[in-house]
>>> print(open('input-v5.tsv').read())   # TSV, N, CA and C atoms
chain	number	residue	atom	x	y	z
A	175	MET	N	-103.64	-241.04	-89.27
A	175	MET	CA	-104.39	-240.11	-88.43
A	175	MET	C	-104.65	-240.77	-87.09
A	176	ILE	N	-104.56	-239.98	-86.05
A	176	ILE	CA	-104.96	-240.44	-84.72
A	176	ILE	C	-105.81	-239.34	-84.10
A	177	LYS	N	-106.93	-239.73	-83.51
A	177	LYS	CA	-107.86	-238.76	-82.96
A	177	LYS	C	-108.56	-239.38	-81.76
A	178	LEU	N	-108.55	-238.70	-80.64
A	178	LEU	CA	-109.29	-239.18	-79.48
A	178	LEU	C	-110.77	-239.06	-79.79
A	179	ASP	N	-111.50	-240.14	-79.70
A	179	ASP	CA	-112.88	-240.19	-80.15
A	179	ASP	C	-113.89	-240.22	-79.00
A	180	HIS	N	-113.54	-240.89	-77.91
A	180	HIS	CA	-114.46	-240.95	-76.78
A	180	HIS	C	-113.72	-241.27	-75.49
A	181	LEU	N	-114.41	-241.02	-74.39
A	181	LEU	CA	-113.87	-241.24	-73.06
A	181	LEU	C	-115.01	-241.79	-72.22
A	182	SER	N	-114.71	-242.73	-71.36
A	182	SER	CA	-115.72	-243.30	-70.47
A	182	SER	C	-115.34	-242.99	-69.03
A	183	ILE	N	-116.32	-242.52	-68.25
A	183	ILE	CA	-116.09	-242.30	-66.82
A	183	ILE	C	-117.11	-243.11	-66.03
A	184	ALA	N	-116.66	-243.65	-64.91
A	184	ALA	CA	-117.53	-244.40	-64.02
A	184	ALA	C	-118.35	-243.43	-63.18
A	185	VAL	N	-119.64	-243.69	-63.06
A	185	VAL	CA	-120.53	-242.83	-62.28
A	185	VAL	C	-121.37	-243.67	-61.33
A	186	ARG	N	-121.90	-243.04	-60.30
A	186	ARG	CA	-122.73	-243.75	-59.33
A	186	ARG	C	-124.16	-243.98	-59.83
A	187	ASP	N	-124.69	-243.00	-60.55
A	187	ASP	CA	-126.09	-243.04	-60.99
A	187	ASP	C	-126.14	-242.46	-62.40
A	188	TYR	N	-126.17	-243.33	-63.41
A	188	TYR	CA	-126.02	-242.83	-64.77
A	188	TYR	C	-127.12	-241.87	-65.20
A	189	PRO	N	-128.41	-242.04	-64.80
A	189	PRO	CA	-129.41	-241.03	-65.20
A	189	PRO	C	-129.11	-239.64	-64.62
A	190	VAL	N	-128.62	-239.59	-63.39
A	190	VAL	CA	-128.30	-238.30	-62.77
A	190	VAL	C	-127.14	-237.65	-63.53
A	191	SER	N	-126.09	-238.42	-63.81
A	191	SER	CA	-124.95	-237.88	-64.56
A	191	SER	C	-125.33	-237.52	-65.98
A	192	ARG	N	-126.10	-238.37	-66.63
A	192	ARG	CA	-126.56	-238.08	-68.00
A	192	ARG	C	-127.28	-236.75	-68.03
A	193	ASP	N	-128.24	-236.58	-67.14
A	193	ASP	CA	-129.03	-235.36	-67.13
A	193	ASP	C	-128.19	-234.14	-66.79
A	194	TRP	N	-127.22	-234.29	-65.89
A	194	TRP	CA	-126.36	-233.16	-65.53
A	194	TRP	C	-125.58	-232.68	-66.75
A	195	TYR	N	-124.96	-233.60	-67.49
A	195	TYR	CA	-124.17	-233.21	-68.67
A	195	TYR	C	-125.07	-232.68	-69.79
A	196	LEU	N	-126.28	-233.18	-69.89
A	196	LEU	CA	-127.21	-232.67	-70.90
A	196	LEU	C	-127.70	-231.27	-70.54
A	197	LEU	N	-128.15	-231.11	-69.31
A	197	LEU	CA	-128.77	-229.85	-68.90
A	197	LEU	C	-127.77	-228.75	-68.54
A	198	VAL	N	-126.71	-229.10	-67.85
A	198	VAL	CA	-125.76	-228.08	-67.41
A	198	VAL	C	-124.80	-227.69	-68.53
A	199	LEU	N	-124.20	-228.69	-69.19
A	199	LEU	CA	-123.20	-228.37	-70.20
A	199	LEU	C	-123.74	-228.36	-71.62
A	200	GLY	N	-124.95	-228.86	-71.82
A	200	GLY	CA	-125.55	-228.81	-73.15
A	200	GLY	C	-125.05	-229.88	-74.11
A	201	LEU	N	-124.47	-230.97	-73.58
A	201	LEU	CA	-124.11	-232.07	-74.47
A	201	LEU	C	-125.39	-232.68	-75.03
A	202	LYS	N	-125.24	-233.45	-76.10
A	202	LYS	CA	-126.39	-234.10	-76.72
A	202	LYS	C	-126.34	-235.60	-76.47
A	203	LEU	N	-127.51	-236.20	-76.30
A	203	LEU	CA	-127.57	-237.65	-76.11
A	203	LEU	C	-127.36	-238.31	-77.46
A	204	GLU	N	-126.26	-239.04	-77.60
A	204	GLU	CA	-125.99	-239.77	-78.83
A	204	GLU	C	-126.78	-241.08	-78.82
A	205	PHE	N	-126.66	-241.83	-77.73
A	205	PHE	CA	-127.45	-243.04	-77.52
A	205	PHE	C	-127.27	-243.47	-76.07
A	206	GLU	N	-128.13	-244.36	-75.62
A	206	GLU	CA	-127.92	-244.94	-74.30
A	206	GLU	C	-128.31	-246.40	-74.32
A	207	ILE	N	-127.76	-247.13	-73.37
A	207	ILE	CA	-128.02	-248.56	-73.24
A	207	ILE	C	-128.50	-248.77	-71.80
A	208	PRO	N	-129.81	-248.62	-71.58
A	208	PRO	CA	-130.32	-248.69	-70.21
A	208	PRO	C	-129.96	-249.97	-69.47
A	209	GLU	N	-129.99	-251.10	-70.17
A	209	GLU	CA	-129.68	-252.36	-69.49
A	209	GLU	C	-128.21	-252.43	-69.05
A	210	ARG	N	-127.36	-251.61	-69.63
A	210	ARG	CA	-125.95	-251.54	-69.21
A	210	ARG	C	-125.68	-250.30	-68.38
A	211	ARG	N	-126.75	-249.51	-68.10
A	211	ARG	CA	-126.65	-248.31	-67.27
A	211	ARG	C	-125.59	-247.35	-67.81
A	212	THR	N	-125.67	-247.11	-69.12
A	212	THR	CA	-124.68	-246.30	-69.82
A	212	THR	C	-125.36	-245.33	-70.78
A	213	ALA	N	-124.83	-244.11	-70.84
A	213	ALA	CA	-125.28	-243.13	-71.82
A	213	ALA	C	-124.06	-242.57	-72.55
A	214	ALA	N	-124.23	-242.33	-73.84
A	214	ALA	CA	-123.20	-241.71	-74.67
A	214	ALA	C	-123.62	-240.28	-74.95
A	215	LEU	N	-122.80	-239.33	-74.53
A	215	LEU	CA	-123.11	-237.92	-74.66
A	215	LEU	C	-122.09	-237.28	-75.58
A	216	GLN	N	-122.56	-236.46	-76.49
A	216	GLN	CA	-121.67	-235.91	-77.50
A	216	GLN	C	-121.60	-234.39	-77.45
A	217	ASP	N	-120.38	-233.87	-77.65
A	217	ASP	CA	-120.21	-232.42	-77.71
A	217	ASP	C	-120.42	-231.93	-79.14
A	218	ASP	N	-120.27	-230.64	-79.36
A	218	ASP	CA	-120.52	-230.05	-80.68
A	218	ASP	C	-119.51	-230.49	-81.73
A	219	ALA	N	-118.36	-231.00	-81.30
A	219	ALA	CA	-117.32	-231.42	-82.25
A	219	ALA	C	-117.35	-232.92	-82.53
A	220	GLY	N	-118.30	-233.64	-81.91
A	220	GLY	CA	-118.42	-235.07	-82.16
A	220	GLY	C	-117.69	-235.96	-81.18
A	221	PHE	N	-117.07	-235.39	-80.16
A	221	PHE	CA	-116.42	-236.19	-79.12
A	221	PHE	C	-117.49	-236.77	-78.22
A	222	THR	N	-117.37	-238.04	-77.86
A	222	THR	CA	-118.37	-238.71	-77.04
A	222	THR	C	-117.83	-239.00	-75.65
A	223	LEU	N	-118.60	-238.61	-74.65
A	223	LEU	CA	-118.32	-238.92	-73.25
A	223	LEU	C	-119.33	-239.97	-72.82
A	224	PHE	N	-118.83	-241.14	-72.43
A	224	PHE	CA	-119.70	-242.19	-71.90
A	224	PHE	C	-119.77	-242.04	-70.39
A	225	VAL	N	-120.98	-242.02	-69.84
A	225	VAL	CA	-121.16	-242.10	-68.40
A	225	VAL	C	-121.72	-243.49	-68.14
A	226	ALA	N	-120.95	-244.27	-67.41
A	226	ALA	CA	-121.28	-245.68	-67.22
A	226	ALA	C	-121.34	-246.01	-65.73
A	227	GLU	N	-122.52	-246.43	-65.30
A	227	GLU	CA	-122.69	-246.81	-63.91
A	227	GLU	C	-122.09	-248.19	-63.72
A	228	GLY	N	-121.40	-248.36	-62.64
A	228	GLY	CA	-120.79	-249.67	-62.41
A	228	GLY	C	-120.42	-249.87	-60.97
A	229	SER	N	-119.92	-251.06	-60.73
A	229	SER	CA	-119.53	-251.40	-59.37
A	229	SER	C	-118.08	-251.00	-59.09
A	230	ALA	N	-117.38	-250.54	-60.12
A	230	ALA	CA	-115.99	-250.12	-59.92
A	230	ALA	C	-115.94	-248.91	-58.99
A	231	ARG	N	-114.91	-248.85	-58.18
A	231	ARG	CA	-114.74	-247.73	-57.27
A	231	ARG	C	-114.50	-246.45	-58.09
A	232	ILE	N	-115.25	-245.43	-57.76
A	232	ILE	CA	-115.14	-244.17	-58.49
A	232	ILE	C	-114.08	-243.31	-57.83
A	233	GLU	N	-113.12	-242.86	-58.63
A	233	GLU	CA	-112.07	-241.98	-58.14
A	233	GLU	C	-112.09	-240.71	-58.98
A	234	PRO	N	-112.97	-239.76	-58.62
A	234	PRO	CA	-113.13	-238.57	-59.44
A	234	PRO	C	-111.89	-237.71	-59.58
A	235	GLN	N	-110.94	-237.83	-58.66
A	235	GLN	CA	-109.71	-237.04	-58.79
A	235	GLN	C	-108.80	-237.62	-59.87
A	236	SER	N	-109.20	-238.76	-60.45
A	236	SER	CA	-108.35	-239.41	-61.44
A	236	SER	C	-108.32	-238.68	-62.77
A	237	CYS	N	-109.26	-237.79	-63.00
A	237	CYS	CA	-109.24	-237.03	-64.25
A	237	CYS	C	-110.03	-235.73	-64.09
A	238	ALA	N	-109.74	-234.80	-64.97
A	238	ALA	CA	-110.49	-233.56	-65.06
A	238	ALA	C	-110.96	-233.44	-66.50
A	239	LEU	N	-112.16	-232.93	-66.69
A	239	LEU	CA	-112.73	-232.76	-68.03
A	239	LEU	C	-112.69	-231.29	-68.39
A	240	TYR	N	-112.09	-230.97	-69.52
A	240	TYR	CA	-111.94	-229.59	-69.97
A	240	TYR	C	-112.89	-229.36	-71.15
A	241	PHE	N	-113.77	-228.38	-71.02
A	241	PHE	CA	-114.71	-228.05	-72.08
A	241	PHE	C	-114.43	-226.63	-72.56
A	242	GLN	N	-114.14	-226.51	-73.84
A	242	GLN	CA	-113.95	-225.20	-74.45
A	242	GLN	C	-115.32	-224.63	-74.79
A	243	VAL	N	-115.53	-223.37	-74.43
A	243	VAL	CA	-116.78	-222.66	-74.70
A	243	VAL	C	-116.46	-221.40	-75.50
A	244	ASP	N	-117.48	-220.75	-76.01
A	244	ASP	CA	-117.25	-219.52	-76.77
A	244	ASP	C	-116.75	-218.38	-75.89
A	245	ASP	N	-117.34	-218.25	-74.70
A	245	ASP	CA	-116.99	-217.16	-73.80
A	245	ASP	C	-117.14	-217.67	-72.37
A	246	VAL	N	-116.04	-217.88	-71.68
A	246	VAL	CA	-116.08	-218.48	-70.35
A	246	VAL	C	-116.84	-217.62	-69.36
A	247	GLN	N	-116.69	-216.31	-69.43
A	247	GLN	CA	-117.40	-215.44	-68.49
A	247	GLN	C	-118.92	-215.52	-68.71
A	248	ARG	N	-119.33	-215.49	-69.96
A	248	ARG	CA	-120.76	-215.57	-70.28
A	248	ARG	C	-121.33	-216.94	-69.88
A	249	GLU	N	-120.59	-218.00	-70.13
A	249	GLU	CA	-121.06	-219.34	-69.76
A	249	GLU	C	-121.13	-219.48	-68.24
A	250	TYR	N	-120.15	-218.94	-67.55
A	250	TYR	CA	-120.16	-218.94	-66.09
A	250	TYR	C	-121.41	-218.22	-65.57
A	251	GLN	N	-121.68	-217.02	-66.09
A	251	GLN	CA	-122.85	-216.26	-65.66
A	251	GLN	C	-124.15	-217.00	-65.94
A	252	ARG	N	-124.23	-217.63	-67.11
A	252	ARG	CA	-125.43	-218.40	-67.47
A	252	ARG	C	-125.67	-219.52	-66.47
A	253	LEU	N	-124.62	-220.24	-66.12
A	253	LEU	CA	-124.76	-221.38	-65.21
A	253	LEU	C	-125.02	-220.92	-63.78
A	254	VAL	N	-124.36	-219.87	-63.33
A	254	VAL	CA	-124.62	-219.33	-61.99
A	254	VAL	C	-126.07	-218.86	-61.89
A	255	SER	N	-126.57	-218.25	-62.95
A	255	SER	CA	-127.98	-217.80	-62.97
A	255	SER	C	-128.94	-218.98	-62.88
A	256	ALA	N	-128.47	-220.16	-63.30
A	256	ALA	CA	-129.29	-221.37	-63.23
A	256	ALA	C	-129.02	-222.14	-61.93
A	257	ASP	N	-128.41	-221.46	-60.95
A	257	ASP	CA	-128.11	-222.04	-59.64
A	257	ASP	C	-127.11	-223.19	-59.67
A	258	ILE	N	-126.20	-223.16	-60.63
A	258	ILE	CA	-125.13	-224.15	-60.68
A	258	ILE	C	-123.98	-223.63	-59.82
A	259	ARG	N	-123.50	-224.47	-58.92
A	259	ARG	CA	-122.44	-224.08	-57.99
A	259	ARG	C	-121.07	-224.35	-58.62
A	260	PHE	N	-120.17	-223.39	-58.51
A	260	PHE	CA	-118.81	-223.52	-59.03
A	260	PHE	C	-117.82	-223.63	-57.88
A	261	GLU	N	-116.72	-224.30	-58.13
A	261	GLU	CA	-115.61	-224.32	-57.20
A	261	GLU	C	-114.91	-222.98	-57.22
A	262	HIS	N	-114.81	-222.38	-58.40
A	262	HIS	CA	-114.29	-221.03	-58.52
A	262	HIS	C	-114.75	-220.42	-59.84
A	263	PRO	N	-114.87	-219.08	-59.87
A	263	PRO	CA	-115.26	-218.39	-61.10
A	263	PRO	C	-114.09	-218.36	-62.08
A	264	PRO	N	-114.28	-217.80	-63.27
A	264	PRO	CA	-113.16	-217.66	-64.19
A	264	PRO	C	-112.02	-216.89	-63.53
A	265	GLN	N	-110.85	-217.49	-63.56
A	265	GLN	CA	-109.66	-216.89	-62.96
A	265	GLN	C	-108.42	-217.59	-63.47
A	266	LYS	N	-107.27	-216.98	-63.24
A	266	LYS	CA	-106.00	-217.60	-63.61
A	266	LYS	C	-105.70	-218.71	-62.61
A	267	VAL	N	-105.44	-219.90	-63.13
A	267	VAL	CA	-105.14	-221.08	-62.32
A	267	VAL	C	-103.95	-221.81	-62.94
A	268	PHE	N	-103.51	-222.88	-62.32
A	268	PHE	CA	-102.32	-223.57	-62.81
A	268	PHE	C	-102.46	-224.10	-64.23
A	269	TRP	N	-103.68	-224.36	-64.67
A	269	TRP	CA	-103.88	-224.91	-66.03
A	269	TRP	C	-104.19	-223.82	-67.06
A	270	GLY	N	-104.23	-222.57	-66.64
A	270	GLY	CA	-104.51	-221.48	-67.58
A	270	GLY	C	-105.49	-220.49	-66.99
A	271	TYR	N	-106.60	-220.26	-67.70
A	271	TYR	CA	-107.62	-219.33	-67.23
A	271	TYR	C	-108.98	-219.95	-67.50
A	272	GLY	N	-109.79	-220.06	-66.46
A	272	GLY	CA	-111.13	-220.62	-66.63
A	272	GLY	C	-111.83	-220.80	-65.30
A	273	ALA	N	-112.97	-221.46	-65.36
A	273	ALA	CA	-113.80	-221.72	-64.18
A	273	ALA	C	-113.87	-223.22	-63.96
A	274	GLU	N	-114.21	-223.60	-62.73
A	274	GLU	CA	-114.26	-225.03	-62.40
A	274	GLU	C	-115.50	-225.34	-61.58
A	275	LEU	N	-116.13	-226.45	-61.92
A	275	LEU	CA	-117.25	-226.96	-61.16
A	275	LEU	C	-117.10	-228.46	-61.04
A	276	LEU	N	-117.93	-229.07	-60.22
A	276	LEU	CA	-117.89	-230.51	-60.02
A	276	LEU	C	-119.16	-231.13	-60.57
A	277	ASP	N	-119.01	-232.29	-61.22
A	277	ASP	CA	-120.20	-233.01	-61.68
A	277	ASP	C	-120.79	-233.77	-60.50
A	278	PRO	N	-121.90	-234.50	-60.66
A	278	PRO	CA	-122.53	-235.18	-59.53
A	278	PRO	C	-121.65	-236.20	-58.82
A	279	ASP	N	-120.62	-236.71	-59.49
A	279	ASP	CA	-119.73	-237.68	-58.88
A	279	ASP	C	-118.43	-237.07	-58.38
A	280	GLY	N	-118.28	-235.76	-58.51
A	280	GLY	CA	-117.09	-235.10	-58.02
A	280	GLY	C	-115.98	-234.95	-59.05
A	281	TYR	N	-116.24	-235.31	-60.31
A	281	TYR	CA	-115.24	-235.08	-61.34
A	281	TYR	C	-115.10	-233.58	-61.56
A	282	ARG	N	-113.88	-233.11	-61.71
A	282	ARG	CA	-113.62	-231.71	-61.97
A	282	ARG	C	-113.94	-231.40	-63.43
A	283	VAL	N	-114.82	-230.41	-63.64
A	283	VAL	CA	-115.19	-229.97	-64.98
A	283	VAL	C	-114.69	-228.53	-65.10
A	284	ARG	N	-113.80	-228.34	-66.05
A	284	ARG	CA	-113.19	-227.02	-66.24
A	284	ARG	C	-113.63	-226.45	-67.57
A	285	ILE	N	-114.10	-225.20	-67.54
A	285	ILE	CA	-114.52	-224.54	-68.78
A	285	ILE	C	-113.59	-223.38	-69.06
A	286	TRP	N	-113.32	-223.17	-70.33
A	286	TRP	CA	-112.38	-222.14	-70.75
A	286	TRP	C	-112.73	-221.68	-72.15
A	287	ASP	N	-112.17	-220.55	-72.55
A	287	ASP	CA	-112.32	-220.11	-73.94
A	287	ASP	C	-110.96	-219.70	-74.47
A	288	ASP	N	-110.82	-219.75	-75.76
A	288	ASP	CA	-109.54	-219.49	-76.42
A	288	ASP	C	-109.02	-218.08	-76.17
A	289	LYS	N	-109.89	-217.08	-76.30
A	289	LYS	CA	-109.47	-215.69	-76.15
A	289	LYS	C	-108.96	-215.40	-74.73
A	290	SER	N	-109.74	-215.80	-73.72
A	290	SER	CA	-109.33	-215.56	-72.33
A	290	SER	C	-108.05	-216.33	-72.00
A	291	MET	N	-107.94	-217.54	-72.53
A	291	MET	CA	-106.74	-218.34	-72.27
A	291	MET	C	-105.51	-217.62	-72.84
A	292	ARG	N	-105.64	-217.07	-74.03
A	292	ARG	CA	-104.51	-216.35	-74.65
A	292	ARG	C	-104.19	-215.07	-73.89
A	293	GLU	N	-105.22	-214.32	-73.50
A	293	GLU	CA	-105.02	-213.02	-72.88
A	293	GLU	C	-104.67	-213.09	-71.39
A	294	LYS	N	-105.25	-214.05	-70.68
A	294	LYS	CA	-105.12	-214.08	-69.23
A	294	LYS	C	-104.46	-215.33	-68.69
A	295	GLY	N	-104.40	-216.35	-69.51
A	295	GLY	CA	-103.90	-217.64	-69.04
A	295	GLY	C	-102.45	-217.86	-69.40
A	296	MET	N	-102.17	-219.06	-69.82
A	296	MET	CA	-100.81	-219.49	-70.07
A	296	MET	C	-100.42	-219.42	-71.54
A	297	ALA	N	-101.40	-219.38	-72.43
A	297	ALA	CA	-101.09	-219.46	-73.85
A	297	ALA	C	-100.55	-218.16	-74.39
>>> encode(input="input-v5.tsv", output="structure tokens")
Amino acid sequence: MIKLDHLSIAVRDYPVSRDWYLLVLGLKLEFEIPERRTAALQDDAGFTLFVAEGSARIEPQSCALYFQVDDVQREYQRLVSADIRFEHPPQKVFWGYGAELLDPDGYRVRIWDDKSMREKGMA
């Protein structure tokens, strides 16, 4: 068996990034190591995203994070109602169908749902 279990991204301010992923996307705090300026955030399926503050140069264009949701339109509306700014609303794009926003460090966060992807996207 092989399974991707976690991913670590470099951030400028780990409390700001931690709180953004907790409050905006609803991830859960698995654990954090304050002395290492790191938080482990977990999704509903058990995948862990580490946000780790460091001196390494941050290159947010180096990756995009894709989060599957139950209903992309409903999630988009919920976040817009909470004054979260999006790069674009749910729409057909090169990667399928979904919406895109930026985290505090400029990482691209893309949300999508299975039904919309099948009906409107590439699948």
>>> atom_distance(input="input-v5.tsv", atom1="atom CA of Ser290 of chain A", atom2="atom C of Val198 of chain A")
20.0 Å
>>> residues_near_point(input="input-v5.tsv", point="(-121.6, -234.4, -79.1)", cutoff="6.5 Å", atoms="only N, CA and C atoms", output="JSON list (two decimals) with N, CA and C atoms, keeping the file's coordinate frame")
[["chain", "number", "residue", "atom", "x", "y", "z"],
["A", 201, "LEU", "N", -124.47, -230.97, -73.58],
["A", 201, "LEU", "CA", -124.11, -232.07, -74.47],
["A", 201, "LEU", "C", -125.39, -232.68, -75.03],
["A", 202, "LYS", "N", -125.24, -233.45, -76.10],
["A", 202, "LYS", "CA", -126.39, -234.10, -76.72],
["A", 202, "LYS", "C", -126.34, -235.60, -76.47],
["A", 215, "LEU", "N", -122.80, -239.33, -74.53],
["A", 215, "LEU", "CA", -123.11, -237.92, -74.66],
["A", 215, "LEU", "C", -122.09, -237.28, -75.58],
["A", 216, "GLN", "N", -122.56, -236.46, -76.49],
["A", 216, "GLN", "CA", -121.67, -235.91, -77.50],
["A", 216, "GLN", "C", -121.60, -234.39, -77.45],
["A", 217, "ASP", "N", -120.38, -233.87, -77.65],
["A", 217, "ASP", "CA", -120.21, -232.42, -77.71],
["A", 217, "ASP", "C", -120.42, -231.93, -79.14],
["A", 218, "ASP", "N", -120.27, -230.64, -79.36],
["A", 218, "ASP", "CA", -120.52, -230.05, -80.68],
["A", 218, "ASP", "C", -119.51, -230.49, -81.73],
["A", 219, "ALA", "N", -118.36, -231.00, -81.30],
["A", 219, "ALA", "CA", -117.32, -231.42, -82.25],
["A", 219, "ALA", "C", -117.35, -232.92, -82.53],
["A", 220, "GLY", "N", -118.30, -233.64, -81.91],
["A", 220, "GLY", "CA", -118.42, -235.07, -82.16],
["A", 220, "GLY", "C", -117.69, -235.96, -81.18],
["A", 221, "PHE", "N", -117.07, -235.39, -80.16],
["A", 221, "PHE", "CA", -116.42, -236.19, -79.12],
["A", 221, "PHE", "C", -117.49, -236.77, -78.22],
["A", 222, "THR", "N", -117.37, -238.04, -77.86],
["A", 222, "THR", "CA", -118.37, -238.71, -77.04],
["A", 222, "THR", "C", -117.83, -239.00, -75.65]]
>>> select_by_dssp(input="input-v5.tsv", residues="segment 178-294 of chain A", states="strand (DSSP E or B)", output="number ranges by chain")
A: 180-185, 202-207, 212-216, 222-227, 238-242, 262-267, 270-276, 282-286
>>> residues_around(input="input-v5.tsv", residues="Glu261 of chain A", least_positions_apart="3", cutoff="6.5 Å", atoms="all atoms listed in the file", output="ChimeraX atom specification")
/A:274-276
>>> atom_distance(input="input-v5.tsv", atom1="atom CA of Tyr271 of chain A", atom2="atom CA of Gly295 of chain A")
4.5 Å
>>> closest_residue(input="input-v5.tsv", among="A:Val267, A:Ile285, A:Leu253, A:Ala273", to="Leu197 of chain A", atoms="only C-alpha atoms")
A:Leu253
>>> closest_residue(input="input-v5.tsv", among="A:Phe260, A:Phe205, A:Trp286, A:Tyr281", to="Asp244 of chain A", atoms="only C-alpha atoms")
A:Trp286
>>> residues_around(input="input-v5.tsv", residues="Cys237 of chain A", least_positions_apart="6", cutoff="10 Å", atoms="only C-alpha atoms", output="PyMOL selection string")
chain A and resi 183+281-283
>>> atom_distance(input="input-v5.tsv", atom1="atom N of Arg211 of chain A", atom2="atom N of Glu227 of chain A")
5.9 Å
>>> closest_residue(input="input-v5.tsv", among="A:Val225, A:Met291, A:Ala184, A:Ile176", to="Phe268 of chain A", atoms="only C-alpha atoms")
A:Met291
